[in-house]
Amino acid sequence: QVQLVESGGGLVQPGGSLRLACAASGFTFRSYAMNWYRQPQGKEREWVAGITPSGTNKNYADSVKGRFTISRDNAKNTVYLQMNSLKPEDTAVYYCQGLYLSISRWGQGTQVTVSS
């Protein structure tokens, strides 16, 4: 069964940190580029960060550059998103996506709320 399961979301104060994880199963994780997206309530989903299958190349949206770090562990079939210096505008449901050619797989999302 193909699955992407996000974890690590929660409530954090502005300036705080969270580490999201996305565990994959049922497909060849190491062949997939992985992305993190987020969707604030009432808004469209937006891309946050991406990493190539080997982990060599990483890219970030301008809004998170310098604060967020994407990484992966192909031995554990897991991709991570380390989020530092969080701001209220980072509040959203965060989703991981696996992408291989035309195949796109999505997790169910995890809520991140940044509030004092």
# chains A, B, ... in the order shown; residues from 1 in each chain; ligands from 1
>>> residues_around(residues="Ala92 (chain A)", least_positions_apart="3", cutoff="12 Å", atoms="only C-alpha atoms", output="PyMOL selection string")
chain A and resi 9-11+36-48+86-89+95+109-115
>>> residues_around(residues="Lys65 (chain A)", least_positions_apart="5", cutoff="10 Å", atoms="only C-alpha atoms", output="list in words")
Val48, Ala49, Asn59 and Tyr60 of chain A
>>> residues_around(residues="Thr52 (chain A)", least_positions_apart="5", cutoff="10 Å", atoms="only C-alpha atoms", output="list in words")
Arg30, Ser31, Tyr32, Ala33, Met34, Asn35, Asn57, Lys58, Asn59, Ser71, Arg72 and Leu99 of chain A
>>> select_by_dssp(residues="chain A", states="strand (DSSP E)", output="ChimeraX atom specification")
/A:3-7,10-12,18-25,33-39,46-51,58-60,68-73,78-83,92-100,103-106,110-114
>>> atom_distance(atom1="CA of Arg19 (chain A)", atom2="CA of Gln82 (chain A)")
4.4 Å
>>> atom_distance(atom1="CA of Ser63 (chain A)", atom2="CA of Ser17 (chain A)")
15.8 Å
>>> select_by_dssp(residues="chain A", states="helix (DSSP H, G or I)", output="PyMOL selection string")
chain A and resi 29-31+88-90
>>> write_last_selection(atoms="N, CA and C atoms", output="PDB file, in the first residue's frame")
ATOM      1  N   PHE A  29      11.124   4.874  -2.727  1.00  0.00           N
ATOM      2  CA  PHE A  29      11.321   6.235  -2.228  1.00  0.00           C
ATOM      3  C   PHE A  29      12.564   6.904  -2.831  1.00  0.00           C
ATOM      4  N   ARG A  30      13.644   6.165  -2.941  1.00  0.00           N
ATOM      5  CA  ARG A  30      14.910   6.770  -3.364  1.00  0.00           C
ATOM      6  C   ARG A  30      14.881   7.241  -4.825  1.00  0.00           C
ATOM      7  N   SER A  31      13.876   6.851  -5.566  1.00  0.00           N
ATOM      8  CA  SER A  31      13.749   7.282  -6.958  1.00  0.00           C
ATOM      9  C   SER A  31      12.936   8.566  -7.107  1.00  0.00           C
ATOM     10  N   PRO A  88       3.971  33.741  12.353  1.00  0.00           N
ATOM     11  CA  PRO A  88       2.531  33.443  12.265  1.00  0.00           C
ATOM     12  C   PRO A  88       2.089  33.130  10.839  1.00  0.00           C
ATOM     13  N   GLU A  89       2.711  33.747   9.855  1.00  0.00           N
ATOM     14  CA  GLU A  89       2.316  33.491   8.467  1.00  0.00           C
ATOM     15  C   GLU A  89       2.764  32.120   7.968  1.00  0.00           C
ATOM     16  N   ASP A  90       3.529  31.370   8.763  1.00  0.00           N
ATOM     17  CA  ASP A  90       3.868  29.994   8.415  1.00  0.00           C
ATOM     18  C   ASP A  90       2.752  29.024   8.811  1.00  0.00           C
TER      19      ASP A  90
END
>>> residues_around(residues="Met83 (chain A)", least_positions_apart="2", cutoff="8 Å", atoms="only C-alpha atoms", output="PyMOL selection string")
chain A and resi 17-20+67-69+81+85-86
>>> write_last_selection(atoms="all heavy atoms", output="compact mmCIF listing (two decimals), in the first residue's frame")
# COMPACT_ATOMS: atom_id res chain seq x y z
N SER A 17 10.74 26.57 16.73
CA SER A 17 11.13 25.60 15.71
C SER A 17 10.26 24.36 15.77
O SER A 17 9.74 23.99 16.83
CB SER A 17 12.60 25.19 15.91
OG SER A 17 13.47 26.28 15.78
N LEU A 18 10.12 23.73 14.62
CA LEU A 18 9.48 22.43 14.51
C LEU A 18 10.22 21.63 13.45
O LEU A 18 10.78 22.20 12.51
CB LEU A 18 8.01 22.55 14.10
CG LEU A 18 6.98 22.93 15.14
CD1 LEU A 18 5.61 23.09 14.48
CD2 LEU A 18 6.90 21.91 16.26
N ARG A 19 10.17 20.31 13.59
CA ARG A 19 10.73 19.43 12.57
C ARG A 19 9.64 18.50 12.10
O ARG A 19 9.13 17.69 12.88
CB ARG A 19 11.90 18.62 13.12
CG ARG A 19 12.64 17.84 12.06
CD ARG A 19 13.56 16.81 12.69
NE ARG A 19 14.53 16.28 11.76
CZ ARG A 19 15.13 15.09 11.92
NH1 ARG A 19 14.85 14.35 12.96
NH2 ARG A 19 16.03 14.69 11.04
N LEU A 20 9.28 18.63 10.85
CA LEU A 20 8.30 17.75 10.24
C LEU A 20 9.00 16.54 9.63
O LEU A 20 10.13 16.65 9.15
CB LEU A 20 7.51 18.46 9.16
CG LEU A 20 6.80 19.76 9.57
CD1 LEU A 20 5.98 20.29 8.38
CD2 LEU A 20 5.92 19.55 10.78
N ARG A 67 15.40 29.93 6.63
CA ARG A 67 14.74 29.52 7.88
C ARG A 67 14.39 28.03 7.89
O ARG A 67 14.41 27.41 8.95
CB ARG A 67 13.45 30.32 8.08
CG ARG A 67 13.64 31.82 8.18
CD ARG A 67 12.35 32.53 8.57
NE ARG A 67 11.30 32.36 7.57
CZ ARG A 67 10.10 31.82 7.83
NH1 ARG A 67 9.81 31.39 9.06
NH2 ARG A 67 9.20 31.70 6.87
N PHE A 68 14.05 27.49 6.72
CA PHE A 68 13.66 26.09 6.61
C PHE A 68 14.76 25.30 5.92
O PHE A 68 15.45 25.81 5.04
CB PHE A 68 12.38 25.95 5.80
CG PHE A 68 11.14 26.46 6.45
CD1 PHE A 68 11.16 27.23 7.61
CD2 PHE A 68 9.89 26.18 5.90
CE1 PHE A 68 10.01 27.71 8.20
CE2 PHE A 68 8.72 26.64 6.47
CZ PHE A 68 8.78 27.41 7.61
N THR A 69 14.88 24.02 6.30
CA THR A 69 15.84 23.12 5.67
C THR A 69 15.17 21.79 5.37
O THR A 69 14.60 21.16 6.27
CB THR A 69 17.05 22.88 6.57
OG1 THR A 69 17.68 24.13 6.88
CG2 THR A 69 18.07 21.97 5.88
N LEU A 81 11.49 18.31 7.19
CA LEU A 81 11.50 19.75 7.01
C LEU A 81 11.77 20.38 8.38
O LEU A 81 10.91 20.34 9.26
CB LEU A 81 10.19 20.27 6.44
CG LEU A 81 10.18 21.76 6.08
CD1 LEU A 81 11.11 22.03 4.89
CD2 LEU A 81 8.76 22.24 5.76
N SER A 85 12.83 29.80 13.28
CA SER A 85 12.38 31.20 13.25
C SER A 85 10.96 31.30 12.69
O SER A 85 10.68 32.12 11.80
CB SER A 85 13.35 32.04 12.41
OG SER A 85 14.66 31.96 12.92
N LEU A 86 10.09 30.48 13.20
CA LEU A 86 8.74 30.42 12.66
C LEU A 86 7.97 31.71 12.89
O LEU A 86 8.14 32.39 13.92
CB LEU A 86 7.99 29.24 13.27
CG LEU A 86 8.38 27.88 12.66
CD1 LEU A 86 7.97 26.74 13.57
CD2 LEU A 86 7.74 27.72 11.29
>>> closest_residue(among="A:Ser54, A:Gln108, A:Gln13, A:Ser116", to="Asn77 (chain A)", atoms="only C-alpha atoms")
A:Ser54
>>> closest_residue(among="A:Leu4, A:Val12, A:Ala24, A:Ile51", to="Thr91 (chain A)", atoms="only C-alpha atoms")
A:Val12
>>> atom_distance(atom1="CA of Asn74 (chain A)", atom2="CA of Ser102 (chain A)")
20.8 Å
>>> closest_residue(among="A:Glu6, A:Thr78, A:Pro14, A:Gln1", to="Gly26 (chain A)", atoms="only C-alpha atoms")
A:Gln1
